[in-house]
Every structure is written in structure tokens, then in C-alpha cells.
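Asker: If it helps, the file is called coords19.txt and holds compact mmCIF, C-alpha atoms:
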```
# COMPACT_ATOMS: atom_id res chain seq x y z
CA MET P 17 74.55 134.87 81.24
CA ALA P 18 75.23 131.23 82.14
CA ARG P 19 76.53 129.91 85.43
CA VAL P 20 78.88 126.93 85.09
CA VAL P 21 79.80 125.10 88.27
CA VAL P 22 82.72 122.66 88.43
CA ILE P 23 82.63 120.21 91.35
CA GLY P 24 86.11 119.00 92.28
CA ALA P 25 89.51 120.65 91.93
CA GLY P 26 91.81 117.76 91.08
CA LEU P 27 93.47 116.63 87.86
CA GLY P 28 90.15 116.90 86.02
CA GLY P 29 88.30 119.66 87.86
CA LEU P 30 90.89 122.42 87.98
CA PRO P 31 91.83 122.11 84.28
CA ALA P 32 88.10 121.97 83.42
CA ALA P 33 87.45 125.20 85.34
CA TYR P 34 90.38 126.91 83.60
CA GLU P 35 89.31 125.72 80.16
CA ILE P 36 85.66 126.74 80.54
CA ARG P 37 86.82 130.14 81.78
CA HIS P 38 89.13 130.40 78.76
CA VAL P 39 86.43 129.67 76.16
CA LEU P 40 83.53 131.62 77.72
CA PRO P 41 83.30 135.42 77.69
CA SER P 42 83.56 137.18 81.04
CA GLU P 43 79.78 137.74 81.37
CA HIS P 44 79.40 134.02 82.01
CA GLN P 45 80.11 132.93 85.60
CA VAL P 46 82.43 130.04 86.47
CA ILE P 47 82.42 128.61 90.00
CA LEU P 48 84.78 125.94 91.33
CA ILE P 49 83.65 123.96 94.39
CA SER P 50 86.05 121.68 96.27
CA ASN P 51 86.04 119.98 99.64
CA GLN P 52 89.82 120.36 99.64
CA PRO P 53 91.64 123.70 100.12
CA LYS P 54 94.58 122.61 97.97
CA PHE P 55 95.23 121.17 94.54
CA THR P 56 97.40 118.05 94.77
CA PHE P 57 99.38 116.54 91.92
CA VAL P 58 98.21 113.02 92.74
CA PRO P 59 100.70 111.12 90.49
CA SER P 60 103.49 112.23 92.84
CA LEU P 61 101.90 110.81 96.01
CA PRO P 62 103.99 107.58 95.90
CA TRP P 63 107.03 109.78 96.52
CA VAL P 64 105.27 111.35 99.51
CA GLY P 65 104.23 107.96 100.88
CA LEU P 66 107.87 106.86 100.96
CA GLY P 67 109.18 110.10 102.42
CA LEU P 68 111.01 111.00 99.22
CA ARG P 69 109.21 114.35 98.84
CA SER P 70 107.11 116.55 101.10
CA LEU P 71 103.42 117.00 100.42
CA SER P 72 103.83 120.77 100.23
CA GLU P 73 106.05 120.38 97.16
CA ILE P 74 103.18 118.96 95.11
CA GLN P 75 100.32 121.16 96.33
CA LEU P 76 98.91 124.60 95.53
CA GLU P 77 96.56 126.75 97.59
CA LEU P 78 93.34 126.99 95.58
CA ASN P 79 92.17 130.26 97.14
CA GLN P 80 95.42 131.88 96.01
CA ILE P 81 95.48 130.68 92.39
CA VAL P 82 91.85 130.28 91.32
CA PRO P 83 90.20 133.70 91.91
CA LYS P 84 92.85 135.64 89.99
CA HIS P 85 91.86 133.72 86.85
CA GLY P 86 88.28 134.97 86.97
CA ILE P 87 86.82 131.93 88.75
CA GLU P 88 84.91 132.01 92.03
CA PHE P 89 86.23 129.43 94.49
CA ILE P 90 84.08 127.84 97.18
CA HIS P 91 85.81 125.60 99.70
CA ALA P 92 83.02 123.33 100.95
CA PRO P 93 81.83 119.73 100.62
CA VAL P 94 78.87 119.03 98.35
CA THR P 95 76.13 117.28 100.31
CA ALA P 96 73.63 116.77 97.47
CA ILE P 97 72.93 117.52 93.82
CA ASP P 98 69.50 117.80 92.20
CA PRO P 99 69.93 117.45 88.42
CA LYS P 100 66.26 118.25 87.76
CA ALA P 101 66.22 121.45 89.80
CA LYS P 102 69.82 122.25 88.75
CA GLN P 103 70.89 122.85 92.34
CA ILE P 104 73.96 121.87 94.36
CA SER P 105 73.64 121.70 98.14
CA LEU P 106 76.49 122.78 100.39
CA PRO P 107 76.40 122.76 104.21
CA ASP P 108 75.34 126.43 104.38
CA GLN P 109 74.04 127.36 100.94
CA ILE P 110 72.37 126.22 97.72
CA VAL P 111 74.18 126.91 94.43
CA ASP P 112 72.08 127.09 91.27
CA TYR P 113 73.67 126.25 87.95
CA ASP P 114 73.01 126.22 84.24
CA TYR P 115 75.73 123.63 83.69
CA ALA P 116 77.50 121.42 86.22
CA ILE P 117 80.78 119.66 85.44
CA ILE P 118 81.33 116.77 87.82
CA ALA P 119 85.02 116.13 88.44
CA THR P 120 84.96 114.80 91.96
CA GLY P 121 87.40 111.95 91.58
CA PRO P 122 86.64 108.70 93.40
CA GLU P 123 85.50 107.66 96.81
CA LEU P 124 87.77 104.89 98.08
CA ALA P 125 85.75 101.71 98.72
CA LEU P 126 87.80 100.71 101.76
CA ASP P 127 84.85 98.80 103.18
CA ALA P 128 84.99 96.33 100.27
CA PHE P 129 87.46 94.11 102.17
CA PRO P 130 87.76 93.74 105.95
CA GLY P 131 90.96 95.26 107.28
CA LEU P 132 91.63 97.41 104.20
CA GLY P 133 92.81 100.97 104.67
CA PRO P 134 94.88 102.96 107.15
CA GLU P 135 92.19 104.43 109.40
CA THR P 136 90.20 101.34 110.37
CA GLY P 137 92.37 98.60 108.85
CA TYR P 138 95.93 97.43 108.56
CA THR P 139 97.08 98.61 105.13
CA GLN P 140 98.35 101.86 103.66
CA SER P 141 97.38 103.65 100.44
CA VAL P 142 98.66 106.59 98.39
CA CYS P 143 95.35 107.54 96.77
CA ASN P 144 94.92 110.89 98.51
CA PRO P 145 97.11 113.37 100.44
CA HIS P 146 95.92 112.26 103.88
CA HIS P 147 96.65 108.62 103.16
CA ALA P 148 100.06 109.46 101.70
CA LEU P 149 101.03 111.20 104.96
CA LEU P 150 99.81 108.24 107.02
CA CYS P 151 101.79 105.97 104.72
CA ALA P 152 104.95 108.04 105.20
CA ASP P 153 104.60 107.75 108.99
CA ALA P 154 104.06 103.98 108.78
CA TRP P 155 107.03 103.65 106.43
CA ALA P 156 109.33 105.56 108.81
CA LYS P 157 108.32 103.23 111.66
CA PHE P 158 108.78 100.18 109.44
CA LEU P 159 112.37 101.16 108.63
CA GLU P 160 113.19 100.95 112.33
CA ASN P 161 112.04 97.32 112.44
CA PRO P 162 111.75 95.84 108.91
CA GLY P 163 109.98 92.65 107.97
CA PRO P 164 107.92 91.10 105.15
CA ILE P 165 106.15 93.47 102.76
CA VAL P 166 103.03 92.97 100.64
CA ILE P 167 102.05 95.46 97.96
CA GLY P 168 99.22 95.18 95.48
CA THR P 169 95.71 95.83 94.22
CA THR P 170 92.36 94.53 95.36
CA PRO P 171 89.72 92.92 93.15
CA GLY P 172 87.77 95.68 91.45
CA ALA P 173 90.66 98.13 91.54
CA SER P 174 91.18 100.26 88.45
CA CYS P 175 94.41 102.08 89.27
CA PHE P 176 97.40 99.75 88.95
CA GLY P 177 100.34 101.95 87.97
CA PRO P 178 100.88 103.53 91.41
CA ALA P 179 101.10 100.08 93.01
CA TYR P 180 103.91 99.05 90.65
CA GLU P 181 105.65 102.38 91.10
CA PHE P 182 105.39 102.17 94.89
CA ALA P 183 106.78 98.63 94.98
CA MET P 184 109.74 99.47 92.73
CA LEU P 185 110.55 102.67 94.60
CA MET P 186 110.29 100.85 97.92
CA GLN P 187 112.69 98.13 96.75
CA HIS P 188 115.15 100.76 95.53
CA THR P 189 114.99 102.61 98.86
CA LEU P 190 115.51 99.41 100.84
CA LYS P 191 118.49 98.54 98.65
CA GLN P 192 120.05 101.94 99.31
CA ARG P 193 119.60 101.40 103.04
CA GLY P 194 120.99 97.87 102.97
CA LEU P 195 117.73 96.37 104.25
CA LEU P 196 116.68 94.10 101.39
CA ASP P 197 117.53 90.90 103.22
CA ARG P 198 115.25 91.94 106.10
CA ALA P 199 112.28 93.02 103.98
CA LEU P 200 111.21 90.37 101.49
CA MET P 201 108.54 91.70 99.13
CA THR P 202 105.47 90.11 97.55
CA PHE P 203 103.34 91.85 94.93
CA VAL P 204 99.72 90.70 94.72
CA THR P 205 97.66 91.80 91.74
CA SER P 206 94.09 91.12 90.69
CA GLU P 207 95.09 91.58 87.03
CA PRO P 208 95.06 88.47 84.82
CA TYR P 209 98.80 89.11 84.44
CA ALA P 210 101.22 91.76 85.62
CA GLY P 211 101.21 94.71 83.25
CA HIS P 212 97.60 94.21 82.19
CA MET P 213 96.75 97.53 83.88
CA GLY P 214 93.01 97.01 83.42
CA ILE P 215 93.35 97.75 79.70
CA GLY P 216 94.55 94.45 78.25
CA GLY P 217 98.21 95.42 78.53
CA MET P 218 100.14 97.51 76.04
CA ALA P 219 103.17 96.71 73.87
CA ASN P 220 105.65 94.80 76.04
CA SER P 221 104.23 95.90 79.42
CA ARG P 222 103.73 92.29 80.54
CA TRP P 223 107.33 91.37 79.75
CA LEU P 224 108.75 94.56 81.26
CA ILE P 225 106.92 94.35 84.58
CA ARG P 226 107.78 90.68 85.02
CA LYS P 227 111.41 91.38 84.15
CA LEU P 228 111.69 94.24 86.64
CA MET P 229 110.00 92.22 89.38
CA ALA P 230 112.36 89.29 88.81
CA GLU P 231 115.46 91.52 88.81
CA ARG P 232 114.38 92.98 92.15
CA GLU P 233 113.51 89.56 93.60
CA ILE P 234 109.92 90.63 94.27
CA GLU P 235 107.65 87.59 94.37
CA LEU P 236 104.77 88.13 91.96
CA LEU P 237 101.29 86.70 92.51
CA GLU P 238 99.15 87.36 89.42
CA ASN P 239 95.42 86.80 88.99
CA THR P 240 95.13 86.63 92.75
CA ALA P 241 92.17 87.73 94.84
CA ILE P 242 92.37 88.79 98.45
CA SER P 243 89.87 87.88 101.16
CA HIS P 244 90.70 90.14 104.11
CA PHE P 245 93.44 91.59 106.26
CA GLU P 246 94.25 90.96 109.87
CA PRO P 247 97.06 92.56 111.87
CA GLU P 248 100.26 91.62 109.99
CA THR P 249 98.48 88.92 107.95
CA LEU P 250 96.96 89.01 104.46
CA HIS P 251 94.39 86.32 103.74
CA LEU P 252 94.01 85.38 100.08
CA ALA P 253 90.74 84.14 98.62
CA ASP P 254 92.25 80.67 98.00
CA GLY P 255 93.04 80.20 101.68
CA ARG P 256 96.72 81.09 101.62
CA THR P 257 98.10 83.66 104.05
CA LEU P 258 100.98 86.09 103.72
CA PRO P 259 102.63 87.68 106.77
CA PHE P 260 103.61 91.34 106.61
CA LYS P 261 105.08 94.17 108.63
CA PHE P 262 104.06 96.69 105.97
CA ALA P 263 101.23 96.52 103.43
CA MET P 264 100.08 98.97 100.76
CA PHE P 265 97.02 98.07 98.67
CA LEU P 266 95.06 100.15 96.19
CA PRO P 267 91.29 99.82 96.79
CA PRO P 268 88.35 99.79 94.38
CA PHE P 269 86.88 103.16 93.43
CA ARG P 270 83.24 104.25 93.47
CA GLY P 271 81.42 107.53 92.94
CA GLN P 272 81.01 110.03 95.75
CA ARG P 273 78.04 109.49 98.06
CA PHE P 274 76.14 112.61 96.98
CA LEU P 275 76.34 111.38 93.38
CA ARG P 276 75.12 107.89 94.26
CA GLU P 277 72.18 109.38 96.15
CA ALA P 278 70.99 111.44 93.17
CA ALA P 279 68.27 109.40 91.42
CA GLY P 280 69.16 108.41 87.87
CA LEU P 281 72.51 110.19 87.84
CA THR P 282 75.02 107.32 88.14
CA ASP P 283 75.54 103.64 87.49
CA GLU P 284 75.60 101.05 90.28
CA LYS P 285 79.15 102.08 91.23
CA GLY P 286 78.31 105.74 91.38
CA MET P 287 80.10 106.65 88.14
CA ILE P 288 78.57 109.12 85.67
CA PRO P 289 77.47 107.64 82.32
CA VAL P 290 78.35 109.98 79.45
CA LEU P 291 77.73 110.45 75.76
CA PRO P 292 80.71 111.00 73.43
CA THR P 293 80.30 114.73 74.20
CA TYR P 294 80.78 113.83 77.89
CA ARG P 295 77.29 115.08 78.65
CA HIS P 296 75.01 112.93 80.78
CA PRO P 297 72.56 110.99 78.54
CA GLU P 298 69.50 112.09 80.54
CA PHE P 299 70.44 115.39 82.19
CA ALA P 300 71.48 117.91 79.55
CA SER P 301 72.97 120.29 82.11
CA ILE P 302 75.38 117.68 83.55
CA TYR P 303 78.83 116.94 82.16
CA ALA P 304 81.60 114.89 83.73
CA VAL P 305 85.37 114.52 83.47
CA GLY P 306 88.05 112.35 85.03
CA VAL P 307 87.66 109.38 87.35
CA ALA P 308 84.00 110.23 88.02
CA THR P 309 83.07 109.18 84.47
CA GLN P 310 81.88 105.72 83.53
CA LEU P 311 84.33 103.81 81.34
CA LYS P 312 83.43 100.21 80.73
CA PRO P 313 86.13 97.50 80.50
CA ILE P 314 86.76 95.88 77.14
CA GLU P 315 86.96 92.37 78.57
CA ILE P 316 85.69 90.27 81.44
CA THR P 317 88.68 89.26 83.55
CA PRO P 318 88.73 86.25 85.90
CA ILE P 319 88.96 88.65 88.83
CA PRO P 320 87.10 91.95 88.37
CA THR P 321 89.26 94.87 87.27
CA GLY P 322 88.31 98.44 86.51
CA VAL P 323 89.56 100.77 83.79
CA PRO P 324 92.02 103.53 84.75
CA LYS P 325 91.50 107.18 83.81
CA VAL P 326 94.88 108.87 83.72
CA GLY P 327 95.67 112.58 83.95
CA LEU P 328 96.00 113.25 80.22
CA MET P 329 92.59 111.67 79.60
CA SER P 330 91.06 114.00 82.20
CA GLU P 331 92.57 117.01 80.44
CA GLU P 332 91.25 115.76 77.09
CA MET P 333 87.78 115.42 78.64
CA ALA P 334 88.07 118.97 80.02
CA LEU P 335 88.90 120.34 76.56
CA ALA P 336 85.92 118.55 75.02
CA VAL P 337 83.43 119.53 77.73
CA ALA P 338 84.41 123.21 77.65
CA HIS P 339 84.15 123.28 73.85
CA ASN P 340 80.76 121.55 73.80
CA ILE P 341 79.27 123.84 76.47
CA ALA P 342 80.55 126.90 74.59
CA LEU P 343 78.97 125.48 71.44
CA GLU P 344 75.60 125.06 73.19
CA LEU P 345 75.76 128.63 74.46
CA GLY P 346 76.46 129.93 70.97
CA VAL P 347 79.82 131.37 71.98
CA ILE P 348 81.60 129.40 69.26
CA SER P 349 80.54 127.59 66.12
CA GLY P 350 81.54 124.26 64.64
CA HIS P 351 81.13 120.62 65.56
CA GLN P 352 80.86 118.85 68.89
CA ILE P 353 84.08 117.12 69.87
CA LYS P 354 85.13 114.18 72.01
CA PRO P 355 88.35 113.25 73.81
CA THR P 356 90.51 110.73 71.97
CA LEU P 357 91.31 108.99 75.29
CA GLN P 358 94.99 108.50 74.67
CA ALA P 359 97.05 107.72 77.74
CA VAL P 360 100.64 108.66 78.52
CA CYS P 361 102.02 107.66 81.93
CA PHE P 362 105.41 108.05 83.60
CA ALA P 363 106.49 105.83 86.49
CA ASP P 364 109.59 106.36 88.62
CA PHE P 365 111.17 103.10 89.78
CA GLY P 366 114.15 104.65 91.55
CA ASP P 367 117.11 103.49 89.48
CA THR P 368 115.01 103.37 86.32
CA GLY P 369 111.52 104.25 85.16
CA ALA P 370 108.86 103.30 82.64
CA LEU P 371 106.87 105.28 80.09
CA PHE P 372 103.59 103.83 78.84
CA LEU P 373 101.69 105.17 75.83
CA ALA P 374 98.36 103.71 74.71
CA ASP P 375 96.70 105.22 71.63
CA PRO P 376 93.84 104.91 72.46
CA LEU P 377 93.64 103.68 76.05
CA LEU P 378 91.29 100.80 75.20
CA PRO P 379 91.98 98.52 72.24
CA ASP P 380 89.33 97.59 69.70
CA ALA P 381 87.40 94.31 69.70
CA ALA P 382 90.35 92.57 68.05
CA GLY P 383 92.72 93.81 70.77
CA ASN P 384 94.47 96.35 68.55
CA ARG P 385 95.41 99.99 69.04
CA ARG P 386 96.85 102.53 66.66
CA ARG P 387 99.95 102.59 68.82
CA ALA P 388 101.19 101.09 72.05
CA ILE P 389 104.63 101.91 73.39
CA THR P 390 106.46 100.90 76.55
CA LEU P 391 109.93 102.30 77.25
CA ASN P 392 112.12 102.19 80.29
CA GLY P 393 115.29 103.87 81.49
CA PHE P 394 116.57 106.23 84.14
CA TRP P 395 115.59 109.19 81.95
CA VAL P 396 111.92 108.45 82.65
CA SER P 397 112.42 109.23 86.34
CA TRP P 398 113.80 112.65 85.42
CA LEU P 399 110.96 113.14 82.94
CA LYS P 400 108.33 112.45 85.59
CA PHE P 401 109.92 114.92 87.99
CA ALA P 402 110.05 117.56 85.25
CA PHE P 403 106.41 116.92 84.33
CA ASP P 404 105.43 117.30 87.99
CA LYS P 405 106.97 120.79 87.98
CA TYR P 406 105.46 121.65 84.60
CA PHE P 407 101.92 120.61 85.59
CA LEU P 408 102.03 122.59 88.82
CA THR P 409 103.24 125.60 86.84
CA LYS P 410 100.30 125.20 84.45
CA MET P 411 97.87 125.17 87.35
CA ARG P 412 99.42 128.33 88.82
CA LEU P 413 99.15 130.12 85.47
CA GLY P 414 95.60 128.99 84.74
CA TRP P 415 96.43 126.80 81.73
CA THR P 416 94.82 123.51 80.77
CA ILE P 417 96.80 122.43 77.72
CA PRO P 418 98.53 125.46 76.17
CA TRP P 419 99.01 125.83 72.43
CA PHE P 420 102.59 124.58 72.41
CA GLU P 421 101.66 121.41 74.31
CA ARG P 422 98.79 120.75 71.91
CA TRP P 423 101.13 121.36 69.00
CA GLY P 424 103.61 118.89 70.46
CA PHE P 425 100.97 116.19 70.79
CA ARG P 426 99.79 116.78 67.23
CA ALA P 427 103.39 116.63 66.01
CA ILE P 428 103.74 113.09 67.33
CA GLY P 429 100.33 112.08 66.00
CA LEU P 430 98.30 112.39 69.21
CA PRO P 431 95.36 114.72 68.67
CA LEU P 432 93.68 115.22 72.03
CA VAL P 433 90.14 115.76 70.73
CA GLU P 434 88.29 115.02 67.51
CA PRO P 435 84.91 115.86 65.92
CA ILE P 436 82.04 113.46 66.50
CA SER P 437 79.02 112.59 64.42
CA THR P 438 75.39 112.65 65.51
CA ASP P 439 75.22 108.92 64.78
CA ALA P 440 77.95 108.26 67.34
CA VAL P 441 76.03 110.13 70.05
CA VAL P 442 72.80 108.23 69.28
CA ALA P 443 74.60 104.87 69.23
CA THR P 444 76.24 105.55 72.59
CA LYS P 445 72.95 106.62 74.15
CA MET P 446 71.31 103.39 72.95
CA GLU P 447 74.19 101.37 74.43
CA ILE P 448 73.78 103.11 77.79
CA VAL P 449 70.02 102.46 77.80
CA ASN P 450 70.47 98.81 76.90
```
For the file at hand, write its structure as C-alpha cells.
Answerer:
Amino acid sequence: MARVVVIGAGLGGLPAAYEIRHVLPSEHQVILISNQPKFTFVPSLPWVGLGLRSLSEIQLELNQIVPKHGIEFIHAPVTAIDPKAKQISLPDQIVDYDYAIIATGPELALDAFPGLGPETGYTQSVCNPHHALLCADAWAKFLENPGPIVIGTTPGASCFGPAYEFAMLMQHTLKQRGLLDRALMTFVTSEPYAGHMGIGGMANSRWLIRKLMAEREIELLENTAISHFEPETLHLADGRTLPFKFAMFLPPFRGQRFLREAAGLTDEKGMIPVLPTYRHPEFASIYAVGVATQLKPIEITPIPTGVPKVGLMSEEMALAVAHNIALELGVISGHQIKPTLQAVCFADFGDTGALFLADPLLPDAAGNRRRAITLNGFWVSWLKFAFDKYFLTKMRLGWTIPWFERWGFRAIGLPLVEPISTDAVVATKMEIVN
């Protein structure tokens, strides 16, 4: 019997736990550890931050949904991991494992810039449930006494979509309330150009974002680095200052502290290096999915930018990891597989929305992808809301990507996983070493 422990119960961890439970016979043990008592559908947090939905609408109680699917749930923070001893330390116990799947999501590097963040700084974020609630409170107070607004991303950030979505939704809400003339908006992005998204752009994303910003009279500052925040003042790296009454900035991400403290486990940012199988190159018992994985940028940008890892990619990684572990255990036969890393994102802009598809997420050395599509229209807003409900339903039912969803992706030419060769694994390991 093998014991598989999944650390983290977010967009990568919960699907990974469900998928490994699905592919392994019942004699194998699956344990899910999370420092949070609830699953949160993170893509919907911009709605919560603007008071458009309640947090309870996008959350599920883990202790109510996980055990009934044959998975042991432990609600506790991980304080340390020892990949050599194959042990995970919790505040009051040690958990041994045969395989560990790390799906912790990021730690927010709020200390990267003075004044960043809601607890000890002067800006809001919508990166986790707690911050979204703080943001909603700040937004309610702002509406009573509006003023200048700055929205954006910091140097080193890797998650750009929520910043655009938040800015567009905010502008739409202000317009509905008749407050636009009292709340001038500036969007500050570290990307080389708006719509770059940390992936070199896709299709007409650059044109679309600029067009939408211009239509909404949002001043756009591209390729712009920030220095620090003071109360109601943003200081840019070039010496300029921007006043604000409300600010929302997405911070850089890094790996969780217990991962960074484990010798040889992560890169300098605390992210887990992985082979095409999504196994760690040095520790055969460690796999990783989601934001915790290392994904190197395809280009060096004037201001550092990271690479996003969207929800569909995390599910693809979960499928691959579960398959490859089952293969190692002899439960199934066949070839090792890898995620295809295709990205599909929906963004609600209030009176319209945008759908982004990148196949794959990162272009090749020549800047090409098999497909890149950007669409916009009010129907995208409805589609995102519907997907929110669908994903939460999947998590209640214990599904990762059910057969009909996989069939649908294949029908439009988007296989989620594909076989890999031994040569590809060796080449990737050499690249990591070098």
C-alpha cells in the first residue's frame, strides 16, 4: 500500500487529490493537507473584492466534501518537509509519505516593495480570500469619498489577468454609480506592453486591452516599475508620483516558507523544479502542480515579469501527476504523460468580457503557438459566471476533469495531456542542472 499526500487544497491541490484517488485502488491511502478549512474558487475573488459577490458563494467546506470521496483531510499548516526522510511536519504530528504532491500555491511577496499590501501597507489585493474581504471593506469606504485610483502589477508579478479584470469591473461599477468624474483611474503595469501577460501576448491581446482602456478613459502606464507606496501616494521608479485614494496591486509570488527551507527542493524563488512528468528532478517521491511549480519565462523583459499558471494548467498537471504515480505503482500500464500547458481564461469586465486561449501557454523560440485566440463580448461575462458554478459543482462531486469535459477539449483540438519520451525527460533534467 502507498500513502500519497497532497499539500494544498486550491485549484491544483483539490483536483490532484481527487484524480489520484480516482486512479489508485482503495488500498492506497490519499491524504489532503491544507492550512485553509475551505476551498476557494480564486478566479472569482475580483468580484468579492468589489462587493459584487459574497465570499461564501465561491467557497466549499473541505471537511464536508473531501472525506466522502475516500480522502483523509487534515486541516493544519505544514511547518516543514524532509524530502529525504519522506516526512511532513505539522504543528502536532509527523506525516510519512510514499509520494508527496506539492500544490501549495504561492506566498505573496508583500515585503518586496515598501508599503505594499493591506495589512502593513497601503494597497489592496485580491490574491486570497482574506485580502479580498479587506479589499471589499476598503472599496465600500472609498465609495463614500471617491478620489484617484491606481491599479496594477509590481515588477516580478506573474499574475496579470486579475488586475485588468479588477480595473475594468471597477470602472463599470463607478459608471453605474455616476462617480467616474470623481475617480480618475491609472493602470500601472510592469509588462513591456499591456496584454503581454507574462507570456509574450497572444493574438490581439495587446490591441484589445489598449482599446478597452482607452474607451474607459483609464490612463495606461506600460513598462513601468514602482518604487514604493506611502499613504495615498505611489512612487514610481523613475521618480514620478501618483496620488490615490484607492490602490490595488498584484505582488510577486514566491514559494511557501517551508518549501524554501527544505535543502535542494526549490529554486531561489521557492518554486519546485520539475521534469516533464512533473516529478522533482532529484527527489523521486516529490511531484508538484499549480503555481508552486517552476515555469521559466521565454524572454527577458525590461522589467522582470513572471509566468502565470492558470487553473486549466493546474488541472492538466494534476491529470499527469496522478497518471505517472499510478504508472510507477504498477496500477496502470502505458507511457508517462505530461500536461500540454494550454491556457483558457475568462475575464469579466462588467459590460463586456474577454476570453483568452493560448495553445500552448508559452510560444516557441520564434514566438509562435499552434493557436492563440482573443475574443470579447458580454457573453464572456456570463460564461465566466457559469464556469464558476460548474467548477464548484465538480469539486463537490469529486471530479477533476470528467470524461465529457475531456471529450469537449479534444473535440476543439486541445488535448490536455500527451505522452512523453525518455529523451525529453533527460533533456529537461540537464537543463535544470545547467
Asker: Nearest to Gly369 in chain P: which of P:Pro171, P:Pro53, P:Gly86, P:Gly177 is it, counting all atoms listed in the file?
Answerer: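 Closest residue, counting all atoms listed in the file: P:Gly177.
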Asker: Could you give me, as a PyMOL selection string, the residues within 12 Å of Ser397 in chain P, counting all atoms listed in the file and dropping anything in the same chain fewer than 4 positions from it?
Answerer: chain P and resi 60+63+181+184-185+361-371+391-393+401-404
Asker: Give me, as CSV, each residue of range 32-144 of chain P that comes within 12 Å of range 319-337 of chain P, together with its shortest interatomic pair and the distance in Å at one decimal, counting only C-alpha atoms, with rows ordered by chain and rising residue number.
Answerer:
```
residue,atom,partner,partner_atom,distance
P:Ala32,CA,P:Ala334,CA,4.5
P:Ala33,CA,P:Ala334,CA,8.2
P:Tyr34,CA,P:Ala334,CA,9.0
P:Glu35,CA,P:Leu335,CA,6.5
P:Ile36,CA,P:Val337,CA,8.1
P:Arg37,CA,P:Leu335,CA,11.3
P:His38,CA,P:Leu335,CA,10.3
P:Val39,CA,P:Leu335,CA,9.7
P:Phe57,CA,P:Gly327,CA,9.6
P:Val58,CA,P:Gly327,CA,9.2
P:Pro59,CA,P:Gly327,CA,8.4
P:Ser60,CA,P:Gly327,CA,11.8
P:Tyr115,CA,P:Val337,CA,10.6
P:Ala116,CA,P:Val337,CA,10.5
P:Ile117,CA,P:Val337,CA,8.2
P:Ile118,CA,P:Ala334,CA,10.5
P:Ala119,CA,P:Ser330,CA,8.9
P:Thr120,CA,P:Ser330,CA,11.5
P:Gly121,CA,P:Lys325,CA,10.0
P:Pro122,CA,P:Lys325,CA,10.9
```
Asker: May I have the protein, DNA and RNA residues with any atom at most 7 Å from the point (111.5, 90.4, 101.9), counting only C-alpha atoms, written as a ChimeraX atom specification?
Answerer: /P:163-165,196-201
Asker: For Pro208 in chain P, please output as an MDAnalysis selection string all residues within 7 Å (counting only C-alpha atoms; exclusion window: fewer than 5 positions along the same chain).
Answerer: chainID P and resid 238:239 317:318
Asker: Find the residue from P:Gly137, P:Gly216, P:Pro297, P:Pro431 that sits nearest to His244 in chain P; use all atoms listed in the file when measuring.
Answerer: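 Closest residue, counting all atoms listed in the file: P:Gly137.
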Asker: CA of Ile90 in chain P and CA of Leu76 in chain P are how many Å apart?
Answerer: 15.3 Å
Asker: Find, counting all atoms listed in the file, the residue in P:Arg273, P:Arg422, P:Arg412, P:Arg193 that gets nearest to Glu77 in chain P.
Answerer: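 Among P:Arg273, P:Arg422, P:Arg412, P:Arg193, it is P:Arg412 that comes nearest to Glu77 in chain P.
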Asker: Go through P:His351, P:Lys261, P:His296, P:His251 one by one, measure the shortest atom-to-atom distance of each to Thr170 in chain P using all atoms listed in the file, and give the residue with the smallest value.
Answerer: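 Counting all atoms listed in the file, the residue closest to Thr170 in chain P is P:His251.
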Asker: Quick one: distance from CA of Pro145 in chain P to CA of Phe55 in chain P in Å, one decimal?
Answerer: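 Taking CA of Pro145 in chain P as the start and CA of Phe55 in chain P as the end point, the length is 10.0 Å.
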Asker: Would you compute the distance between CA of Ile417 in chain P and CA of Asp114 in chain P? Give it in Å to one decimal.
Answerer: 25.0 Å
Asker: Taking (92.7, 91.6, 96.3) in the file's coordinates, which residues come within 9 Å, counting all atoms listed in the file, written as a list in words?
Answerer: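 Within 9 Å of (92.7, 91.6, 96.3), the protein and nucleic acid residues are Phe129, Gly168, Thr169, Thr170, Pro171, Gly172, Ala173, Val204, Thr205, Ser206, Thr240, Ala241, Ile242, Ser243, His244, Leu252, Ala253, Phe265, Leu266, Pro267 and Ile319 of chain P.
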Asker: Go ahead and write the residues just picked, C-alpha atoms, as a PDB file, in the frame of the given file.
Answerer:
```pdb
ATOM      1  CA  PHE P 129      87.460  94.110 102.170  1.00  0.00           C
ATOM      2  CA  GLY P 168      99.220  95.180  95.480  1.00  0.00           C
ATOM      3  CA  THR P 169      95.710  95.830  94.220  1.00  0.00           C
ATOM      4  CA  THR P 170      92.360  94.530  95.360  1.00  0.00           C
ATOM      5  CA  PRO P 171      89.720  92.920  93.150  1.00  0.00           C
ATOM      6  CA  GLY P 172      87.770  95.680  91.450  1.00  0.00           C
ATOM      7  CA  ALA P 173      90.660  98.130  91.540  1.00  0.00           C
ATOM      8  CA  VAL P 204      99.720  90.700  94.720  1.00  0.00           C
ATOM      9  CA  THR P 205      97.660  91.800  91.740  1.00  0.00           C
ATOM     10  CA  SER P 206      94.090  91.120  90.690  1.00  0.00           C
ATOM     11  CA  THR P 240      95.130  86.630  92.750  1.00  0.00           C
ATOM     12  CA  ALA P 241      92.170  87.730  94.840  1.00  0.00           C
ATOM     13  CA  ILE P 242      92.370  88.790  98.450  1.00  0.00           C
ATOM     14  CA  SER P 243      89.870  87.880 101.160  1.00  0.00           C
ATOM     15  CA  HIS P 244      90.700  90.140 104.110  1.00  0.00           C
ATOM     16  CA  LEU P 252      94.010  85.380 100.080  1.00  0.00           C
ATOM     17  CA  ALA P 253      90.740  84.140  98.620  1.00  0.00           C
ATOM     18  CA  PHE P 265      97.020  98.070  98.670  1.00  0.00           C
ATOM     19  CA  LEU P 266      95.060 100.150  96.190  1.00  0.00           C
ATOM     20  CA  PRO P 267      91.290  99.820  96.790  1.00  0.00           C
ATOM     21  CA  ILE P 319      88.960  88.650  88.830  1.00  0.00           C
TER      22      ILE P 319
END
```
Asker: Give, as JSON, the centre coordinates and the x, y and z edge lengths in Å to one decimal for an axis-aligned box around all listed atoms of range 188-194 of chain P, padded by 3 Å on each side.
Answerer:
```
{"center_x": 118.0, "center_y": 100.2, "center_z": 99.3, "size_x": 12.0, "size_y": 10.7, "size_z": 13.5}
```
Asker: Go through P:Arg222, P:Lys410, P:His146, P:His212 and flag the residue nearest Glu315 in chain P, using only C-alpha atoms for the distances.
Answerer: P:His212
Asker: Considering only C-alpha atoms, can you say which of P:Leu132, P:Ile302, P:Leu345, P:Leu291 comes closest to Met264 in chain P?
Answerer: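 Checking each of P:Leu132, P:Ile302, P:Leu345, P:Leu291 against Met264 in chain P, counting only C-alpha atoms, the winner is P:Leu132.
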Asker: Show me, as number ranges by chain, the residues that have an atom within 12 Å of Arg226 in chain P when counting all atoms listed in the file, minus same-chain residues fewer than 6 positions from it.
Answerer: P: 180, 184, 203, 209-212, 220, 232-238
